[in-house]
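Here is the file start00.tsv (TSV, C-alpha atoms).
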```tsv
chain	number	residue	atom	x	y	z
A	1	MET	CA	-4.48	-56.86	-41.28
A	2	HIS	CA	-3.61	-53.65	-43.15
A	3	LYS	CA	-3.47	-50.75	-40.70
A	4	GLY	CA	-5.81	-48.71	-42.91
A	5	VAL	CA	-8.49	-51.38	-42.44
A	6	ILE	CA	-7.96	-51.28	-38.67
A	7	TYR	CA	-8.36	-47.49	-38.67
A	8	ALA	CA	-11.58	-47.76	-40.70
A	9	LEU	CA	-13.08	-50.50	-38.51
A	10	LEU	CA	-12.28	-48.62	-35.29
A	11	ALA	CA	-13.79	-45.44	-36.78
A	12	ALA	CA	-16.88	-47.42	-37.72
A	13	ALA	CA	-17.26	-48.92	-34.24
A	14	LEU	CA	-17.05	-45.52	-32.55
A	15	PHE	CA	-19.50	-43.86	-34.93
A	16	GLY	CA	-21.90	-46.79	-34.88
A	17	ALA	CA	-21.99	-46.81	-31.09
A	18	SER	CA	-22.93	-43.11	-31.06
A	19	THR	CA	-26.16	-43.62	-33.04
A	20	PRO	CA	-28.32	-45.31	-30.36
A	21	PHE	CA	-27.04	-42.85	-27.75
A	22	SER	CA	-27.99	-39.99	-30.08
A	23	LYS	CA	-31.41	-41.61	-30.43
A	24	ILE	CA	-31.86	-41.30	-26.65
A	25	LEU	CA	-30.63	-37.70	-26.59
A	26	VAL	CA	-32.77	-36.61	-29.53
A	27	GLY	CA	-35.83	-37.12	-27.33
A	28	GLN	CA	-34.44	-34.54	-24.90
A	29	ILE	CA	-32.67	-32.06	-27.20
A	30	ALA	CA	-33.83	-30.44	-30.46
A	31	PRO	CA	-32.09	-32.02	-33.50
A	32	VAL	CA	-30.18	-28.89	-34.53
A	33	THR	CA	-29.04	-28.26	-30.95
A	34	LEU	CA	-27.95	-31.87	-30.53
A	35	ALA	CA	-25.97	-31.80	-33.79
A	36	GLY	CA	-24.18	-28.69	-32.53
A	37	LEU	CA	-23.36	-30.23	-29.15
A	38	LEU	CA	-22.09	-33.45	-30.72
A	39	TYR	CA	-19.69	-31.63	-33.02
A	40	LEU	CA	-18.69	-29.04	-30.44
A	41	GLY	CA	-17.81	-31.83	-28.02
A	42	SER	CA	-15.76	-33.39	-30.80
A	43	GLY	CA	-13.95	-30.14	-31.64
A	44	LEU	CA	-13.21	-29.11	-28.05
A	45	GLY	CA	-11.93	-32.57	-27.13
A	46	LEU	CA	-9.63	-32.70	-30.15
A	47	LEU	CA	-8.46	-29.11	-29.57
A	48	ILE	CA	-7.33	-30.12	-26.08
A	49	GLY	CA	-5.60	-33.20	-27.51
A	50	PHE	CA	-3.95	-31.15	-30.28
A	51	THR	CA	-2.67	-28.60	-27.74
A	52	LEU	CA	-1.32	-31.25	-25.36
A	53	ARG	CA	0.44	-33.01	-28.25
A	54	ALA	CA	2.02	-29.74	-29.42
A	55	MET	CA	3.26	-29.03	-25.89
A	56	ALA	CA	4.71	-32.54	-25.60
A	57	THR	CA	6.56	-32.44	-28.93
A	58	GLY	CA	7.81	-28.85	-28.60
A	59	SER	CA	10.52	-28.17	-31.16
A	60	LYS	CA	10.88	-31.81	-32.20
A	61	GLN	CA	10.48	-32.91	-35.82
A	62	ALA	CA	6.78	-32.88	-36.75
A	63	THR	CA	5.11	-36.24	-37.41
A	64	SER	CA	2.19	-34.84	-39.44
A	65	ALA	CA	1.83	-32.15	-42.09
A	66	ARG	CA	-0.32	-29.13	-41.20
A	67	LEU	CA	-3.13	-27.87	-43.42
A	68	THR	CA	-2.22	-25.35	-46.13
A	69	LEU	CA	-4.22	-22.66	-47.96
A	70	PRO	CA	-5.05	-24.89	-50.98
A	71	ASP	CA	-6.61	-27.37	-48.52
A	72	LEU	CA	-9.13	-24.91	-47.10
A	73	PRO	CA	-11.78	-24.95	-49.91
A	74	TRP	CA	-11.94	-28.75	-49.73
A	75	LEU	CA	-12.13	-28.70	-45.94
A	76	GLY	CA	-14.77	-25.95	-46.03
A	77	GLY	CA	-16.95	-27.96	-48.40
A	78	ALA	CA	-16.54	-31.04	-46.20
A	79	ILE	CA	-17.60	-29.09	-43.12
A	80	LEU	CA	-20.64	-27.59	-44.86
A	81	ALA	CA	-21.88	-30.94	-46.17
A	82	GLY	CA	-20.84	-33.38	-43.47
A	83	GLY	CA	-20.52	-31.16	-40.41
A	84	ILE	CA	-23.62	-29.00	-40.73
A	85	ALA	CA	-26.23	-30.48	-43.11
A	86	GLY	CA	-25.56	-34.19	-42.45
A	87	PRO	CA	-25.91	-34.27	-38.64
A	88	VAL	CA	-29.11	-32.19	-38.67
A	89	LEU	CA	-30.70	-34.50	-41.23
A	90	LEU	CA	-29.65	-37.53	-39.15
A	91	MET	CA	-31.14	-36.11	-35.96
A	92	ILE	CA	-34.41	-35.40	-37.79
A	93	GLY	CA	-34.42	-38.93	-39.20
A	94	LEU	CA	-33.83	-40.42	-35.75
A	95	THR	CA	-36.99	-38.74	-34.45
A	96	LEU	CA	-39.03	-40.70	-37.04
A	97	THR	CA	-37.15	-44.03	-37.28
A	98	PRO	CA	-36.31	-46.83	-34.78
A	99	ALA	CA	-32.64	-46.76	-33.74
A	100	SER	CA	-31.88	-50.28	-34.98
A	101	SER	CA	-33.18	-49.61	-38.51
A	102	ALA	CA	-31.65	-46.12	-38.53
A	103	SER	CA	-28.28	-47.68	-37.71
A	104	LEU	CA	-28.48	-50.05	-40.68
A	105	LEU	CA	-29.72	-47.31	-43.02
A	106	LEU	CA	-26.47	-45.49	-42.32
A	107	ASN	CA	-24.78	-48.11	-44.50
A	108	MET	CA	-25.93	-45.99	-47.42
A	109	GLU	CA	-23.10	-43.58	-46.59
A	110	GLY	CA	-20.56	-46.14	-47.77
A	111	VAL	CA	-22.47	-46.78	-50.98
A	112	LEU	CA	-22.92	-43.13	-51.86
A	113	THR	CA	-19.30	-42.42	-50.91
A	114	ALA	CA	-18.15	-45.13	-53.33
A	115	LEU	CA	-20.39	-43.96	-56.17
A	116	LEU	CA	-19.01	-40.42	-55.93
A	117	ALA	CA	-15.43	-41.73	-55.64
A	118	TRP	CA	-15.82	-44.02	-58.67
A	119	PHE	CA	-17.75	-41.84	-61.09
A	120	VAL	CA	-16.90	-38.27	-60.05
A	121	PHE	CA	-13.38	-38.57	-58.59
A	122	LYS	CA	-12.38	-41.55	-60.83
A	123	GLU	CA	-11.12	-43.92	-58.14
A	124	ASN	CA	-10.46	-47.50	-59.28
A	125	PHE	CA	-12.91	-50.33	-58.53
A	126	ASP	CA	-13.57	-53.88	-59.76
A	127	ARG	CA	-16.52	-56.29	-59.99
A	128	ARG	CA	-16.03	-57.68	-56.49
A	129	ILE	CA	-16.25	-54.21	-54.95
A	130	PHE	CA	-19.24	-53.37	-57.16
A	131	PHE	CA	-21.19	-56.51	-56.16
A	132	GLY	CA	-20.43	-55.86	-52.50
A	133	MET	CA	-21.91	-52.38	-52.80
A	134	ALA	CA	-24.92	-53.76	-54.69
A	135	LEU	CA	-25.74	-56.02	-51.73
A	136	ILE	CA	-25.48	-53.09	-49.33
A	137	VAL	CA	-27.78	-51.01	-51.57
A	138	ALA	CA	-30.32	-53.85	-51.66
A	139	ALA	CA	-30.28	-54.02	-47.87
A	140	GLY	CA	-30.79	-50.27	-47.58
A	141	ILE	CA	-33.73	-50.34	-49.99
A	142	LEU	CA	-35.25	-53.24	-48.06
A	143	LEU	CA	-35.00	-51.35	-44.78
A	144	SER	CA	-36.45	-48.17	-46.30
A	145	TRP	CA	-39.39	-50.12	-47.74
A	146	ASP	CA	-40.00	-51.78	-44.38
A	147	GLN	CA	-40.11	-48.35	-42.70
A	148	ARG	CA	-42.55	-46.79	-45.17
A	149	PRO	CA	-45.78	-45.43	-43.62
A	150	ALA	CA	-49.17	-46.76	-44.71
A	151	LEU	CA	-49.79	-43.45	-46.47
A	152	GLY	CA	-47.36	-40.76	-47.53
A	153	VAL	CA	-43.58	-40.67	-47.78
A	154	PRO	CA	-41.04	-42.39	-45.43
A	155	TRP	CA	-39.55	-39.07	-44.37
A	156	GLY	CA	-37.46	-40.58	-41.58
A	157	ALA	CA	-35.66	-43.01	-43.87
A	158	LEU	CA	-35.25	-40.34	-46.58
A	159	ALA	CA	-33.77	-37.88	-44.08
A	160	ILE	CA	-31.19	-40.48	-43.01
A	161	VAL	CA	-30.30	-41.30	-46.64
A	162	ALA	CA	-29.94	-37.56	-47.33
A	163	ALA	CA	-27.59	-37.33	-44.35
A	164	CYS	CA	-25.58	-40.19	-45.86
A	165	LEU	CA	-25.30	-38.28	-49.15
A	166	CYS	CA	-23.98	-35.25	-47.27
A	167	TRP	CA	-21.37	-37.42	-45.55
A	168	ALA	CA	-20.47	-39.04	-48.88
A	169	ILE	CA	-19.65	-35.59	-50.27
A	170	ASP	CA	-17.77	-34.85	-47.05
A	171	ASN	CA	-15.72	-38.07	-47.35
A	172	ASN	CA	-14.66	-37.40	-50.93
A	173	PHE	CA	-13.71	-33.80	-50.14
A	174	THR	CA	-11.82	-34.87	-47.00
A	175	ARG	CA	-9.73	-37.32	-49.02
A	176	LYS	CA	-8.27	-34.32	-50.82
A	177	VAL	CA	-6.68	-33.17	-47.55
A	178	ALA	CA	-6.19	-36.57	-45.86
A	179	ALA	CA	-2.39	-36.40	-46.05
A	180	SER	CA	-2.48	-33.53	-43.56
A	181	ASP	CA	-2.81	-33.76	-39.76
A	182	ALA	CA	-5.90	-35.85	-39.01
A	183	VAL	CA	-6.40	-34.34	-35.54
A	184	GLN	CA	-6.22	-30.81	-36.96
A	185	ILE	CA	-8.73	-31.65	-39.71
A	186	ALA	CA	-11.24	-33.27	-37.37
A	187	GLY	CA	-10.79	-30.61	-34.69
A	188	ILE	CA	-11.45	-27.69	-37.06
A	189	LYS	CA	-14.44	-29.49	-38.50
A	190	GLY	CA	-15.91	-30.10	-35.04
A	191	LEU	CA	-15.41	-26.54	-33.81
A	192	VAL	CA	-16.82	-24.90	-36.95
A	193	ALA	CA	-19.75	-27.29	-37.43
A	194	GLY	CA	-20.62	-27.26	-33.74
A	195	SER	CA	-20.55	-23.46	-33.52
A	196	VAL	CA	-22.67	-23.01	-36.66
A	197	ASN	CA	-25.30	-25.56	-35.62
A	198	LEU	CA	-25.58	-24.12	-32.11
A	199	SER	CA	-25.87	-20.61	-33.56
A	200	ILE	CA	-28.71	-21.79	-35.80
A	201	ALA	CA	-30.44	-23.40	-32.80
A	202	LEU	CA	-30.16	-20.20	-30.74
A	203	ALA	CA	-31.39	-18.08	-33.67
A	204	LEU	CA	-34.45	-20.34	-33.91
A	205	GLY	CA	-35.10	-19.86	-30.21
A	206	LEU	CA	-34.50	-23.51	-29.35
A	207	PRO	CA	-33.74	-24.14	-25.67
A	208	LEU	CA	-30.37	-25.38	-24.46
A	209	PRO	CA	-30.38	-28.57	-22.36
A	210	GLU	CA	-29.22	-28.86	-18.78
A	211	ALA	CA	-25.45	-28.80	-18.29
A	212	SER	CA	-25.30	-32.51	-17.45
A	213	THR	CA	-27.20	-33.46	-20.62
A	214	ALA	CA	-25.03	-31.17	-22.73
A	215	LEU	CA	-21.92	-32.77	-21.22
A	216	ILE	CA	-23.17	-36.26	-22.11
A	217	ALA	CA	-23.83	-35.09	-25.69
A	218	GLY	CA	-20.31	-33.65	-25.84
A	219	VAL	CA	-18.76	-36.92	-24.67
A	220	VAL	CA	-20.80	-38.89	-27.24
A	221	GLY	CA	-19.68	-36.41	-29.93
A	222	PHE	CA	-16.01	-36.64	-28.92
A	223	GLY	CA	-16.01	-40.41	-29.37
A	224	GLY	CA	-18.53	-40.91	-32.18
A	225	TYR	CA	-17.64	-37.83	-34.24
A	226	GLY	CA	-14.19	-36.68	-33.09
A	227	LEU	CA	-12.02	-39.75	-32.53
A	228	SER	CA	-14.01	-41.57	-35.21
A	229	LEU	CA	-13.22	-38.87	-37.77
A	230	VAL	CA	-9.51	-38.85	-36.89
A	231	LEU	CA	-9.37	-42.59	-37.55
A	232	PHE	CA	-11.48	-42.18	-40.71
A	233	VAL	CA	-9.03	-39.59	-42.12
A	234	LEU	CA	-6.14	-41.96	-41.41
A	235	ALA	CA	-8.04	-44.73	-43.22
A	236	LEU	CA	-8.67	-42.43	-46.22
A	237	ARG	CA	-4.94	-41.82	-46.39
A	238	HIS	CA	-4.18	-45.56	-46.60
A	239	LEU	CA	-7.20	-47.04	-48.43
A	240	GLY	CA	-8.76	-44.38	-50.62
A	241	THR	CA	-12.34	-43.14	-50.36
A	242	ALA	CA	-14.50	-45.98	-51.67
A	243	ARG	CA	-12.80	-48.75	-49.73
A	244	THR	CA	-12.72	-46.72	-46.53
A	245	GLY	CA	-16.45	-46.15	-46.99
A	246	ALA	CA	-16.96	-49.88	-47.48
A	247	TYR	CA	-15.14	-50.85	-44.30
A	248	PHE	CA	-16.92	-48.05	-42.47
A	249	SER	CA	-20.17	-49.79	-43.39
A	250	VAL	CA	-19.75	-52.00	-40.32
A	251	ALA	CA	-20.66	-48.94	-38.22
A	252	PRO	CA	-24.41	-49.58	-38.37
A	253	PHE	CA	-23.94	-53.10	-37.06
A	254	ALA	CA	-22.22	-51.73	-33.95
A	255	GLY	CA	-25.08	-49.28	-33.51
A	256	ALA	CA	-27.74	-51.89	-34.17
A	257	ALA	CA	-26.19	-54.31	-31.67
A	258	ILE	CA	-26.36	-51.67	-28.94
A	259	ALA	CA	-29.84	-50.55	-30.02
A	260	LEU	CA	-31.19	-54.11	-29.67
A	261	LEU	CA	-30.37	-53.95	-25.94
A	262	MET	CA	-32.59	-50.91	-25.49
A	263	PRO	CA	-36.29	-51.03	-24.50
A	264	GLY	CA	-38.79	-50.98	-27.34
A	265	GLU	CA	-36.36	-52.19	-30.02
A	266	THR	CA	-37.78	-55.43	-31.45
A	267	PRO	CA	-36.75	-55.72	-35.10
A	268	GLY	CA	-38.66	-58.10	-37.34
A	269	PRO	CA	-37.52	-60.55	-40.06
A	270	VAL	CA	-36.84	-57.77	-42.60
A	271	PHE	CA	-34.19	-56.31	-40.27
A	272	TRP	CA	-32.31	-59.63	-40.13
A	273	VAL	CA	-32.51	-60.21	-43.89
A	274	ALA	CA	-31.14	-56.70	-44.47
A	275	ALA	CA	-28.38	-57.36	-41.94
A	276	ALA	CA	-27.40	-60.56	-43.76
A	277	LEU	CA	-27.26	-58.77	-47.12
A	278	MET	CA	-25.12	-55.99	-45.67
A	279	GLY	CA	-22.84	-58.51	-43.98
A	280	ALA	CA	-22.29	-60.34	-47.28
A	281	GLY	CA	-21.52	-57.08	-49.07
A	282	ILE	CA	-18.98	-56.05	-46.45
A	283	TRP	CA	-17.35	-59.51	-46.59
A	284	LEU	CA	-16.75	-59.07	-50.33
A	285	HIS	CA	-14.87	-55.87	-49.57
A	286	LEU	CA	-12.88	-57.30	-46.69
A	287	THR	CA	-11.61	-60.19	-48.82
A	288	GLU	CA	-10.51	-58.05	-51.79
A	289	THR	CA	-6.93	-58.19	-53.12
A	290	HIS	CA	-5.44	-55.88	-55.75
A	291	GLU	CA	-1.94	-56.29	-57.23
A	292	HIS	CA	-0.38	-55.39	-60.59
A	293	ALA	CA	2.63	-53.63	-62.08
A	294	HIS	CA	2.20	-49.86	-61.80
A	295	SER	CA	4.28	-46.72	-62.26
A	296	HIS	CA	4.79	-43.78	-59.90
A	297	ALA	CA	5.39	-40.45	-61.58
A	298	LEU	CA	7.67	-37.73	-60.24
A	299	MET	CA	5.82	-36.07	-57.34
A	300	SER	CA	6.55	-33.61	-54.53
A	301	HIS	CA	4.36	-33.25	-51.45
A	302	GLU	CA	4.39	-33.31	-47.63
A	303	HIS	CA	2.87	-35.76	-45.17
A	304	GLY	CA	3.82	-37.94	-42.24
A	305	HIS	CA	5.84	-40.93	-43.48
A	306	SER	CA	8.42	-43.61	-42.69
A	307	HIS	CA	11.19	-44.64	-45.05
A	308	ASP	CA	9.42	-47.53	-46.78
A	309	ALA	CA	9.68	-48.62	-50.42
A	310	HIS	CA	7.98	-45.40	-51.54
A	311	HIS	CA	10.11	-43.05	-49.43
A	312	GLN	CA	13.77	-43.63	-50.25
A	313	HIS	CA	14.98	-40.04	-50.13
A	314	THR	CA	17.75	-38.11	-48.41
A	315	HIS	CA	17.33	-35.12	-46.08
A	316	ASP	CA	18.68	-31.58	-46.44
A	317	PHE	CA	18.28	-30.95	-42.69
A	318	PRO	CA	19.60	-32.61	-39.51
A	319	TRP	CA	17.57	-35.78	-38.92
A	320	GLU	CA	17.68	-37.81	-35.71
A	321	GLY	CA	16.44	-40.97	-37.41
A	322	LYS	CA	12.99	-40.90	-35.78
A	323	GLU	CA	9.97	-42.11	-37.76
A	324	PRO	CA	7.35	-41.23	-38.75
A	325	HIS	CA	8.21	-37.63	-39.52
A	326	SER	CA	6.90	-34.94	-41.86
A	327	HIS	CA	8.70	-32.66	-44.30
A	328	PRO	CA	8.44	-31.72	-48.00
A	329	HIS	CA	9.95	-34.53	-50.07
A	330	GLN	CA	10.14	-35.72	-53.67
A	331	HIS	CA	9.23	-39.11	-55.12
A	332	GLU	CA	11.37	-40.22	-58.03
A	333	PRO	CA	9.76	-42.17	-60.92
A	334	LEU	CA	9.35	-45.83	-59.96
A	335	THR	CA	7.75	-48.93	-61.51
A	336	HIS	CA	7.05	-52.04	-59.41
A	337	ALA	CA	4.33	-54.52	-58.42
A	338	HIS	CA	2.85	-55.22	-54.98
A	339	PRO	CA	-0.59	-55.43	-53.30
A	340	HIS	CA	-1.97	-51.93	-52.83
A	341	PHE	CA	-5.01	-49.75	-52.29
A	342	PRO	CA	-5.75	-46.37	-53.94
A	343	ASP	CA	-3.95	-44.52	-51.14
A	344	THR	CA	-2.02	-41.25	-51.27
A	345	HIS	CA	0.66	-42.81	-53.51
A	346	HIS	CA	-1.52	-45.08	-55.68
A	347	ARG	CA	-4.01	-42.95	-57.57
A	348	HIS	CA	-3.00	-44.25	-60.99
A	349	ARG	CA	-5.25	-45.25	-63.86
A	350	HIS	CA	-5.90	-48.89	-64.82
```
Please lay out the structure from this file as structure tokens.
Amino acid sequence: MHKGVIYALLAAALFGASTPFSKILVGQIAPVTLAGLLYLGSGLGLLIGFTLRAMATGSKQATSARLTLPDLPWLGGAILAGGIAGPVLLMIGLTLTPASSASLLLNMEGVLTALLAWFVFKENFDRRIFFGMALIVAAGILLSWDQRPALGVPWGALAIVAACLCWAIDNNFTRKVAASDAVQIAGIKGLVAGSVNLSIALALGLPLPEASTALIAGVVGFGGYGLSLVLFVLALRHLGTARTGAYFSVAPFAGAAIALLMPGETPGPVFWVAAALMGAGIWLHLTETHEHAHSHALMSHEHGHSHDAHHQHTHDFPWEGKEPHSHPHQHEPLTHAHPHFPDTHHRHRH
């Protein structure tokens, strides 16, 4: 299996598992406070990991490229949409929606991510990918309809879909910086988003939870938001935005499976029909192949890489032969054919 797919599926499993645990915590902690603790736990955990890695490598050749000034506007937009607005909307939605249905509604993130990637950022897609997304959309609509109240608007479901839109914007912005250090990206996002959300909670006079509860929220955030985002950034680098979002759509199934083990979670027939539709849509994505003759234009950039077919360059510095490594390098024009995804080196037109 392509390593980008593995990264995306692992990211999905970690994020999906965090949803039912967040559902438990949201009954004890205000939504804004919980969003802050989840991201702060993510950022602090990754900051420790980043520091330990830097100490271990010392003066050795870097394996990942650090963020640069042109990256900051994209990262800032990603943090605003996905790190601040998205989690708060999700926590609000969880207060009004059963955890199992909320988990499946989160599939809308993949759909909205793909729509933005296809029609705003011009990423390639074909009929198979489109039909897969159509099935996931149908399942999301079915779940939303099932959760509608007798009178009024299904605010819980709408809040979760709005959170998915925020994360879709986040995903497309993050792809712009995905060639840089994934741990650095996710760590900065966690620290900034966590600090802002906690500041908002304190300004609103919301109480902080007990230390033990806050620690649990931090651990959930480190796994479901921190490590998950690191893996998601790596998947973006290898698969492109829409396909990473599609593979990430398995996240709700991990969350729903855990939620079904919890008291009071008894989904009806609509839940299982929606699950089947989503499963079929994801299968269409997992079985996709894409190969044709394509040309690489002259390009210079920096990112972690090994000397594969796309990286046949020499070095103007002493190199010990260790891979992967990171340094500025140039790609010469090249035309060839092989199976590929719209990754960092395959963003060509069709």
Checklist line | Atom pair atom CA of Ala134 of chain A / atom CA of Leu277 of chain A: separation (Å) | finding: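 Between atom CA of Ala134 of chain A and atom CA of Leu277 of chain A the gap works out to 9.4 Å.
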Check: A:Ile169, A:Leu206, A:Ile185, A:Ala78: which is nearest Ala117 of chain A, counting all atoms listed in the file?
Finding: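 Once distances to Ala117 of chain A are computed over all atoms listed in the file, the minimum belongs to A:Ile169.
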Note to self: Just want the 12 Å neighbourhood of Phe317 of chain A, counted on only C-alpha atoms, with same-chain residues fewer than 4 positions away dropped. Output as a ChimeraX atom specification.
What the structure shows: /A:61,321,327-329
Notebook entry, point to check: If you count all atoms listed in the file, which residues fall within 12 Å of Cys166 of chain A, apart from same-chain ones fewer than 2 positions away, as number ranges by chain?
Noted result: A: 77-90, 106, 108-110, 112-113, 116, 159-164, 168-173
Next item on the list: Would you mind reading off the distance between atom CA of Thr287 of chain A and atom CA of Gly132 of chain A, one decimal, in Å?
Entry: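 These two atoms are separated by 10.5 Å.
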Margin query: Env of Leu284 of chain A: 10 Å cut, atoms = all atoms listed in the file, seq-sep filter 2 positions within chain, self excluded. Answer as a PyMOL selection string.
Written below: chain A and resi 128-133+135+246+279-282+286-288
Test item: residues at most 10 Å from Glu332 of chain A, only C-alpha atoms, excluding those fewer than 3 positions along its chain, as an mmCIF file with C-alpha atoms, keeping the file's coordinate frame:
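Output file selection-v1.cif is given in full below:
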```cif
data_model
loop_
_atom_site.group_PDB
_atom_site.id
_atom_site.type_symbol
_atom_site.label_atom_id
_atom_site.label_comp_id
_atom_site.auth_asym_id
_atom_site.auth_seq_id
_atom_site.Cartn_x
_atom_site.Cartn_y
_atom_site.Cartn_z
ATOM 1 C CA HIS A 296 4.790 -43.780 -59.900
ATOM 2 C CA ALA A 297 5.390 -40.450 -61.580
ATOM 3 C CA LEU A 298 7.670 -37.730 -60.240
ATOM 4 C CA MET A 299 5.820 -36.070 -57.340
ATOM 5 C CA SER A 300 6.550 -33.610 -54.530
ATOM 6 C CA HIS A 310 7.980 -45.400 -51.540
ATOM 7 C CA HIS A 311 10.110 -43.050 -49.430
ATOM 8 C CA GLN A 312 13.770 -43.630 -50.250
ATOM 9 C CA HIS A 313 14.980 -40.040 -50.130
ATOM 10 C CA HIS A 329 9.950 -34.530 -50.070
#
```
Tell me which protein, DNA and RNA residues are within 10 Å of Tyr225 of chain A, counting all atoms listed in the file, leaving out same-chain ones fewer than 4 positions away, and put them as an mmCIF file with C-alpha atoms, in the frame of the given file.
```
data_model
loop_
_atom_site.group_PDB
_atom_site.id
_atom_site.type_symbol
_atom_site.label_atom_id
_atom_site.label_comp_id
_atom_site.auth_asym_id
_atom_site.auth_seq_id
_atom_site.Cartn_x
_atom_site.Cartn_y
_atom_site.Cartn_z
ATOM 1 C CA ALA A 11 -13.790 -45.440 -36.780
ATOM 2 C CA LEU A 14 -17.050 -45.520 -32.550
ATOM 3 C CA PHE A 15 -19.500 -43.860 -34.930
ATOM 4 C CA GLY A 16 -21.900 -46.790 -34.880
ATOM 5 C CA SER A 18 -22.930 -43.110 -31.060
ATOM 6 C CA LEU A 38 -22.090 -33.450 -30.720
ATOM 7 C CA TYR A 39 -19.690 -31.630 -33.020
ATOM 8 C CA LEU A 40 -18.690 -29.040 -30.440
ATOM 9 C CA GLY A 41 -17.810 -31.830 -28.020
ATOM 10 C CA SER A 42 -15.760 -33.390 -30.800
ATOM 11 C CA GLY A 43 -13.950 -30.140 -31.640
ATOM 12 C CA GLY A 83 -20.520 -31.160 -40.410
ATOM 13 C CA ALA A 186 -11.240 -33.270 -37.370
ATOM 14 C CA GLY A 187 -10.790 -30.610 -34.690
ATOM 15 C CA LYS A 189 -14.440 -29.490 -38.500
ATOM 16 C CA GLY A 190 -15.910 -30.100 -35.040
ATOM 17 C CA GLY A 218 -20.310 -33.650 -25.840
ATOM 18 C CA VAL A 219 -18.760 -36.920 -24.670
ATOM 19 C CA VAL A 220 -20.800 -38.890 -27.240
ATOM 20 C CA GLY A 221 -19.680 -36.410 -29.930
ATOM 21 C CA LEU A 229 -13.220 -38.870 -37.770
ATOM 22 C CA VAL A 230 -9.510 -38.850 -36.890
ATOM 23 C CA PHE A 232 -11.480 -42.180 -40.710
#
```
